[in-house]
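A.B. asks: Structure below; questions to follow.
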Number of protein chains: 4
Amino acid sequence: MKGLVYNGPRDVGVKEIPDARIQKPTDVLVRITTTNICGSDLHMYEGRTDMESGRVLGHENLGQVAEVGNAIDRIKVGDWVCLPFNIGCGFCRNCEQGLPNYCMTTNPAPGVAGAAYGFADMGPYDGGQAEYLRVPYGDFNCLRLPRDAPEKQTDYVMVSDIFPTGDHATELADLRAGESVVIFGAGPVGLMCAYSAILKSASMVMIVDRHPDRLRLAEKIGAIPIDDSKTSPVEQVMKLTNGRGADKGCECVGYQAHDPQGHEHPNMTMNNLIKSVRFTGGIGVVGVFVPTDPGAPDPTAQQGEIMVDWGLHWFKGQRIGSGQCPVKRYNRHLRDLIAVGKAKPSFIVSHELPLSKAPDGYRHFDARDEGWTKVVLHPQPVAA
Amino acid sequence: MKGLVYNGPRDVGVKEIPDARIQKPTDVLVRITTTNICGSDLHMYEGRTDMESGRVLGHENLGQVAEVGNAIDRIKVGDWVCLPFNIGCGFCRNCEQGLPNYCMTTNPAPGVAGAAYGFADMGPYDGGQAEYLRVPYGDFNCLRLPRDAPEKQTDYVMVSDIFPTGDHATELADLRAGESVVIFGAGPVGLMCAYSAILKSASMVMIVDRHPDRLRLAEKIGAIPIDDSKTSPVEQVMKLTNGRGADKGCECVGYQAHDPQGHEHPNMTMNNLIKSVRFTGGIGVVGVFVPTDPGAPDPTAQQGEIMVDWGLHWFKGQRIGSGQCPVKRYNRHLRDLIAVGKAKPSFIVSHELPLSKAPDGYRHFDARDEGWTKVVLHPQPVAA
Amino acid sequence: MKGLVYNGPRDVGVKEIPDARIQKPTDVLVRITTTNICGSDLHMYEGRTDMESGRVLGHENLGQVAEVGNAIDRIKVGDWVCLPFNIGCGFCRNCEQGLPNYCMTTNPAPGVAGAAYGFADMGPYDGGQAEYLRVPYGDFNCLRLPRDAPEKQTDYVMVSDIFPTGDHATELADLRAGESVVIFGAGPVGLMCAYSAILKSASMVMIVDRHPDRLRLAEKIGAIPIDDSKTSPVEQVMKLTNGRGADKGCECVGYQAHDPQGHEHPNMTMNNLIKSVRFTGGIGVVGVFVPTDPGAPDPTAQQGEIMVDWGLHWFKGQRIGSGQCPVKRYNRHLRDLIAVGKAKPSFIVSHELPLSKAPDGYRHFDARDEGWTKVVLHPQPVAA
Amino acid sequence: MKGLVYNGPRDVGVKEIPDARIQKPTDVLVRITTTNICGSDLHMYEGRTDMESGRVLGHENLGQVAEVGNAIDRIKVGDWVCLPFNIGCGFCRNCEQGLPNYCMTTNPAPGVAGAAYGFADMGPYDGGQAEYLRVPYGDFNCLRLPRDAPEKQTDYVMVSDIFPTGDHATELADLRAGESVVIFGAGPVGLMCAYSAILKSASMVMIVDRHPDRLRLAEKIGAIPIDDSKTSPVEQVMKLTNGRGADKGCECVGYQAHDPQGHEHPNMTMNNLIKSVRFTGGIGVVGVFVPTDPGAPDPTAQQGEIMVDWGLHWFKGQRIGSGQCPVKRYNRHLRDLIAVGKAKPSFIVSHELPLSKAPDGYRHFDARDEGWTKVVLHPQPVAA
């Protein structure tokens, strides 16, 4: 079959690779019709992780079930399914507490919890930017889709990662109807975060970025765009909230945060959040931070350390929740909102490409080229 | 009346000062029979805050009501009361959400929430290390005590601050029965935190310190003492938890953390917690961190910034809650446990002194002199 | 001053009554410009409570502060305020836990918690269907409104009771974005409940009633109307949810529930909820049930007892939360949604009348006359 | 193999039956060394359910793994395991939300959620009062035990049902440290509920029953026994709580509640709870209520309906949570408390019998014979 392979920094290519196949009785094999390029793929693409060359990328996947292992009870051949990027077992301590993002079974690395498809340090699993995908523990890891799945692929595929991840940021921050929220980052996750906040009736959704196409999209769905290349985002939030700060805050950028001049400051968004979120407020951090970052500009950042305004954070009595999203906690509900027409997350999609054009997609998306907000790939046609 | 006055770094004295009195119709005046020296008093004592000289210290107070303002409905003259160190109004947004620790009314400083008796940066209120104390918004801020108050003063007084604060650390960490917890710091707050964890049936309570008298007390109540002058606390926790880390963690030291050699490292305990708490675990931070610390050894610490292992924190998907304790959330329940004999927090008291000896108490407690675990002052006798 | 007085069953009149005035230093006096007739006023109007004749009705009140007691710190003369129907003290155990609906101070009846303006069994307080209203513990009980209060009176006044009450039903039921909910009753509270569910992005909001004007309003805001005079509501919910039942359910009718033929069955809505809510689902009950109901058709109902399908409830593992709404838990957030234009609860208002026409309003609203969905009274003009 | 078979009302016998065996790749086969007779077995024993004759009883099971299906990854032959009485799949909507007590996969009856071993209406699964037990979805449904499992069998086996069920009652009631609680029923579940409340530092644990042996056990662990054959339990609770009522309440009796004279009143305990729990209090109901009860004394009870003081419940603003316990939510933590010696639930065991004596055990336990508080069976020896 064909798949998109990581060859090394800024070098990916579509190649013939060994067919994905059922390896264990609990596996499900999915024919991939839609798979996205994610902002976190770019960390790997840029060589800022220890991703092994030769692996297939892609953790935002949707398709039709082609085959099931003999221990599979729920999922049937022909089902349309969306796959959470997390790979959980369903029976370890973390999975049973609703935290398959920190599954203790699926990542073979000692002392590490959590696995994903085609992801650095998240287990040996291949990604779905390919014609087929092997899904471990398929009864646990497949979300079944309704009959309109083929027509709404670009909506439902968002439920694999960025829509739940954006929503998770608001949950980690404990955002409630009527509250104000500031979101740092208007990339795909930041936009989904703003969209979630709006769906939950936040009273004011402020979002900080500097790319005009992203800020335009944010404004279109009802958020207040703040361009940090033109203004201090902290001052702007303070002004909009009568000097009190936002009730809640969300980090949707991660360790590669950089200033408008392009200089990287991995602590920039965290400290802006601590400053712009009010006393007693909550902060959700879904932008990726990493324990080791050999490509970082300075030795502390290389060890995943950042300089945090901890005194101010403590003085303000804030709460912080961090980490990857447990997609299964959200995907049924978000799927249902799409099904009834109350959510349409595909508004962020700028490009739909065949798998063969994936390298182009990576190049433009990585360059933040104007208008390339979200790239969706279609390795296979809807009709088998 | 007599009161303990802060004159400057490591200089306190008992003096004749103007009588505390009812100033507003919502005030209550309390004759103080018991008041403690707190670990956070030492930050001020050592000159590591901008505490104004001439002010009366003391925020852990208990006594008998001597007079009430004409708008007071609940509290009566003669009631025995314990005063939360937080001064709340009861009607601002934070107070009404159960967060009087961040009252928006009682601290007149612009943009700052939260007030306390005799505390730097927490409003103009005098402390209770004196014969009388003025209690603003007395109906809201007085906890009534049962008839055995005079006999159990050294137990009930702990409900003003350190017992709830220790308990709050376990709540911020979301500790549940059957879980393991590691606590950094076995000072009075750390010991109360361990005691709370034990009362709630944590399966394993590990506590890190290096003072033998404190570690002995911890062991006596059923905690596992870890001496960080002899062993790596992170390695020890990992060993005791089969390499997984503690389920939850509590910070009870604060910004003046120092290594066994006496060198200050304000980030030491936070990073040890991030390392020794498991994936998905929660961390509660009640040790004091400050936004500005002019006396700190280096320029970043002077601005309240510390170098945090943020990548590891994010990778492990931890949650962190920080800040002062909302004493009123806990004080009724803890009082009731004392009343029925199920809690006896006075086990930490090492010295009971008259007010006149307060300066001695400060000196020994500040020096961490062997055996000076907790100093209680009695400005007035029980019988009026 | 003038006020609407309850004379006896179905007999109310506007009379000259003694002026409301400041009685305690914590009181605030409000000039009432908007006050509603509530569905629960009808229980009293119909003589189905032990409301004393001679008392002034009205617990949904909004106006401008005319005078404040000398212990009032926050509220100023001239402030526009909306008053929660609950009267809390702010300092009892229930108030401090965010439950002023069960204040232990303001209701003088022994062993009873909770007070309200102009309400049977809820303390001696007069209602606001009058020119002025005395507000006890004014700093705690007044919600300040923004500058557009005069123009948006009919929106903001809903924050005194029915908008929070409807929202509370969804909170008691623990409704989350993406879930389905069935609401029994499309009176003002039921409509506000549906509106809250829609604002929080429920995936499907089903609402049961039989009055065409109410069902039309429900449909207009996006709910699915179910006419129980034409179909079995339980069967209809089961059909719409593929046989599983609604995720959550809300009771917005209360003890005077009756079938389409007009026969009263106080257990009708509870049992329909137990049947139509899914296994593990939550149910919020804000429709009023009373401990004694001398006017009820049978002796058990007279004692507030109803025959409940408890076996089915238990078998399905449901959770039920009941009782009056703690308005202060919701009113700031709902006010803010109105202020930014994201909520407009005045859509339910059918009639705005001067105080003098209040008796007409009661008559029509009590008769459920077509089109009389919600009556708003204006005792005083906006400009003083 | 040998197993205890239900032949009909009050008729059980140990017979040779077909061997339990692996039927699906996700099955695990357990050699049963310890299995209890549960109070809910008595509903079946007495013929008050539609249990089919010929089935094997027993849902409180512990033993050693004898064989595993080829899709099993976590559990190994030789592991000591305790089995939650709930049989969950691990991947349906309810299981993934932590509610395997309402699994939507394992009970084949249409529209019904939840399955158990050897239980009426809970699926076709045989019970564990036999030499071997087939455990479906073994990776999900087995709790591994530490090395001391053989010596502490009578402690660990309680984690299969009654210890978590008792604990669940306190969680449904939302009991917190320092609060008071009243428990109706001092049978095995009621005693475990009291024990859980004590482990969590409730300030006062009141327990209502009339059997002297049960009340003695309750008193021994620190609860306050209330004998309802000698006093009104509601009055007694009111007296002990200064007229306020208990903060929280737990129902551990169920639909076969009867008065001291032996007359059955299925609503007796619910109404006593509504009366004796305070305004705003929570009530957890784990005693079994059933949707249909053909053997009940009157037609309404036969349909699972009971007459509830709903008006009083609503007026007091209580919350009620009901149903079977999701054992997996609690079993790891309770196991760990046993492992470190902080919990020893075997204190309730009165008799340990071989399987052959099981019919005697049923007879005495059903008769509530003095001293027969809990019967444990040992079908197989520890050493295989």
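We label chains A, B, ... in the order they appear in the structure tokens, count residues from 1 in each chain, and number ligands from 1 in the order shown.
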From range 79-190 of chain B, collect each residue whose DSSP state is strand (DSSP E or B) and return the set as a PyMOL selection string.
C.D. replies: chain B and resi 80-83+86+116+130+132-135+143-144+180-184
A.B. asks: Compile a residue-level contact table for range 42-158 of chain B against range 228-249 of chain A at a cut-off of 12 Å, reporting for every qualifying residue the shortest atom pair and its distance in Å to one decimal, with only C-alpha atoms counted, rows ordered by chain and ascending number, as CSV.
C.D. replies:
```
residue,atom,partner,partner_atom,distance
B:Arg93,CA,A:Asp247,CA,11.7
B:Asn94,CA,A:Asp247,CA,11.5
B:Met104,CA,A:Arg244,CA,10.4
B:Pro110,CA,A:Gly243,CA,9.4
B:Gly111,CA,A:Arg244,CA,6.7
B:Val112,CA,A:Arg244,CA,9.1
B:Ala113,CA,A:Arg244,CA,10.0
```
A.B. asks: At a cut-off of 10 Å, can you tabulate as a tab-separated table every residue of range 95-149 of chain A near range 51-57 of chain A together with its closest atom pair and the distance in Å to one decimal, using only C-alpha atoms and ordering rows by chain then number?
C.D. replies:
```
residue	atom	partner	partner_atom	distance
A:Tyr117	CA	A:Leu57	CA	7.3
A:Gly118	CA	A:Leu57	CA	4.3
A:Phe119	CA	A:Leu57	CA	6.8
A:Ala120	CA	A:Met51	CA	4.6
A:Asp121	CA	A:Met51	CA	7.2
A:Met122	CA	A:Met51	CA	9.6
A:Pro124	CA	A:Arg55	CA	8.8
A:Tyr125	CA	A:Val56	CA	8.6
A:Asp126	CA	A:Val56	CA	5.2
A:Gly127	CA	A:Leu57	CA	4.4
A:Gly128	CA	A:Leu57	CA	6.6
A:Gln129	CA	A:Leu57	CA	5.8
A:Ala130	CA	A:Val56	CA	7.5
```
A.B. asks: Give the alpha helix (DSSP H) residues of range 120-295 of chain B, as assigned by DSSP on the backbone, as a PyMOL selection string.
C.D. replies: chain B and resi 138-141+153-156+162-172+188-199+212-220+233-240+268-276
A.B. asks: Find the residues in chain C near chain D: any atom within 9 Å counts, using only C-alpha atoms. Write them as a ChimeraX atom specification.
C.D. replies: /C:94,99,101-102,111-113,172,243-244,255,279-280,282,285-286,288-293,300-301,303-324
A.B. asks: Deliver the residues from the most recent selection as a file, using N, CA and C atoms, as a compact mmCIF listing (two decimals), in the first residue's frame.
C.D. replies:
```txt
# COMPACT_ATOMS: atom_id res chain seq x y z
N ASN C 94 -25.03 27.21 54.92
CA ASN C 94 -25.48 26.98 53.55
C ASN C 94 -25.08 28.10 52.61
N LEU C 99 -25.21 27.99 48.77
CA LEU C 99 -26.60 27.56 48.76
C LEU C 99 -27.50 28.55 49.51
N ASN C 101 -30.21 29.55 48.68
CA ASN C 101 -31.59 29.06 48.58
C ASN C 101 -32.01 28.32 49.85
N TYR C 102 -31.06 27.93 50.66
CA TYR C 102 -31.38 27.27 51.92
C TYR C 102 -30.72 28.00 53.09
N GLY C 111 -36.25 25.15 62.19
CA GLY C 111 -35.94 23.95 61.42
C GLY C 111 -36.14 24.07 59.93
N VAL C 112 -36.45 25.28 59.44
CA VAL C 112 -36.69 25.46 58.01
C VAL C 112 -35.60 26.36 57.43
N ALA C 113 -35.10 26.01 56.27
CA ALA C 113 -34.05 26.79 55.63
C ALA C 113 -34.59 27.41 54.35
N LEU C 172 -28.63 20.56 37.79
CA LEU C 172 -28.99 19.43 38.66
C LEU C 172 -28.98 18.13 37.87
N GLY C 243 -34.60 4.39 21.21
CA GLY C 243 -34.95 3.42 22.24
C GLY C 243 -34.14 3.52 23.51
N ARG C 244 -33.19 4.46 23.57
CA ARG C 244 -32.31 4.53 24.75
C ARG C 244 -32.83 5.45 25.85
N TYR C 255 -46.04 19.97 41.50
CA TYR C 255 -47.07 19.10 42.08
C TYR C 255 -48.45 19.30 41.50
N PHE C 279 -30.68 4.83 31.32
CA PHE C 279 -29.86 4.26 32.37
C PHE C 279 -28.69 5.21 32.64
N THR C 280 -28.38 5.44 33.90
CA THR C 280 -27.28 6.31 34.38
C THR C 280 -27.56 7.80 34.22
N GLY C 282 -29.28 11.69 34.56
CA GLY C 282 -29.57 12.59 35.67
C GLY C 282 -30.87 13.34 35.45
N VAL C 285 -35.02 18.61 39.20
CA VAL C 285 -36.42 18.87 39.53
C VAL C 285 -36.54 20.27 40.12
N VAL C 286 -36.99 21.23 39.32
CA VAL C 286 -37.18 22.59 39.83
C VAL C 286 -38.64 22.98 39.92
N VAL C 288 -42.14 23.03 41.53
CA VAL C 288 -42.35 23.04 42.99
C VAL C 288 -43.15 21.83 43.47
N PHE C 289 -42.63 21.12 44.47
CA PHE C 289 -43.39 20.12 45.22
C PHE C 289 -43.43 20.60 46.67
N VAL C 290 -44.52 20.31 47.36
CA VAL C 290 -44.69 20.88 48.71
C VAL C 290 -44.94 19.79 49.74
N PRO C 291 -44.43 20.00 50.97
CA PRO C 291 -44.56 18.99 52.02
C PRO C 291 -46.01 18.80 52.49
N THR C 292 -46.79 19.88 52.43
CA THR C 292 -48.21 19.72 52.78
C THR C 292 -49.01 20.51 51.77
N ASP C 293 -50.11 19.94 51.33
CA ASP C 293 -50.92 20.53 50.28
C ASP C 293 -52.40 20.24 50.61
N THR C 300 -52.95 11.28 50.53
CA THR C 300 -51.49 11.17 50.45
C THR C 300 -50.90 12.44 49.84
N ALA C 301 -51.50 12.92 48.75
CA ALA C 301 -51.00 14.15 48.13
C ALA C 301 -51.09 15.32 49.10
N GLN C 303 -50.34 15.26 52.05
CA GLN C 303 -49.13 15.21 52.87
C GLN C 303 -47.86 15.27 52.04
N GLY C 304 -48.04 15.64 50.79
CA GLY C 304 -46.87 15.79 49.93
C GLY C 304 -46.27 14.48 49.45
N GLU C 305 -47.00 13.39 49.59
CA GLU C 305 -46.49 12.08 49.17
C GLU C 305 -46.96 11.75 47.76
N ILE C 306 -46.08 11.18 46.97
CA ILE C 306 -46.50 10.74 45.64
C ILE C 306 -45.98 9.32 45.39
N MET C 307 -46.67 8.61 44.49
CA MET C 307 -46.33 7.22 44.17
C MET C 307 -45.27 7.25 43.05
N VAL C 308 -44.05 6.84 43.39
CA VAL C 308 -42.94 6.96 42.44
C VAL C 308 -42.48 5.58 41.95
N ASP C 309 -42.14 5.50 40.67
CA ASP C 309 -41.57 4.26 40.09
C ASP C 309 -40.14 4.07 40.58
N TRP C 310 -40.01 3.83 41.87
CA TRP C 310 -38.69 3.82 42.49
C TRP C 310 -37.84 2.63 42.03
N GLY C 311 -38.52 1.49 41.82
CA GLY C 311 -37.79 0.31 41.36
C GLY C 311 -37.13 0.57 40.03
N LEU C 312 -37.86 1.22 39.13
CA LEU C 312 -37.28 1.51 37.81
C LEU C 312 -36.17 2.55 37.93
N HIS C 313 -36.39 3.57 38.74
CA HIS C 313 -35.36 4.58 38.98
C HIS C 313 -34.07 3.93 39.47
N TRP C 314 -34.20 3.04 40.45
CA TRP C 314 -33.02 2.38 41.02
C TRP C 314 -32.35 1.49 39.98
N PHE C 315 -33.18 0.73 39.27
CA PHE C 315 -32.66 -0.22 38.29
C PHE C 315 -31.86 0.51 37.22
N LYS C 316 -32.29 1.73 36.88
CA LYS C 316 -31.61 2.49 35.84
C LYS C 316 -30.43 3.31 36.38
N GLY C 317 -30.26 3.30 37.68
CA GLY C 317 -29.09 3.99 38.25
C GLY C 317 -29.10 5.48 37.99
N GLN C 318 -30.25 6.09 38.13
CA GLN C 318 -30.35 7.53 37.86
C GLN C 318 -29.96 8.36 39.09
N ARG C 319 -29.69 9.64 38.83
CA ARG C 319 -29.45 10.60 39.92
C ARG C 319 -30.50 11.70 39.83
N ILE C 320 -30.97 12.15 40.97
CA ILE C 320 -32.00 13.18 41.02
C ILE C 320 -31.55 14.30 41.94
N GLY C 321 -31.66 15.53 41.46
CA GLY C 321 -31.42 16.69 42.31
C GLY C 321 -32.66 17.56 42.28
N SER C 322 -33.07 18.06 43.45
CA SER C 322 -34.35 18.76 43.56
C SER C 322 -34.21 20.07 44.31
N GLY C 323 -35.20 20.92 44.10
CA GLY C 323 -35.34 22.07 44.97
C GLY C 323 -35.17 23.42 44.29
N GLN C 324 -35.32 24.46 45.11
CA GLN C 324 -35.20 25.82 44.60
C GLN C 324 -33.79 26.11 44.12
```
A.B. asks: Skipping near chain neighbours, those fewer than 6 positions away, what residues fall within 7 Å of range 27-37 of chain B using only C-alpha atoms, listed as a PyMOL selection string?
C.D. replies: chain B and resi 21+58+60-69+128-138+153+157+375-382
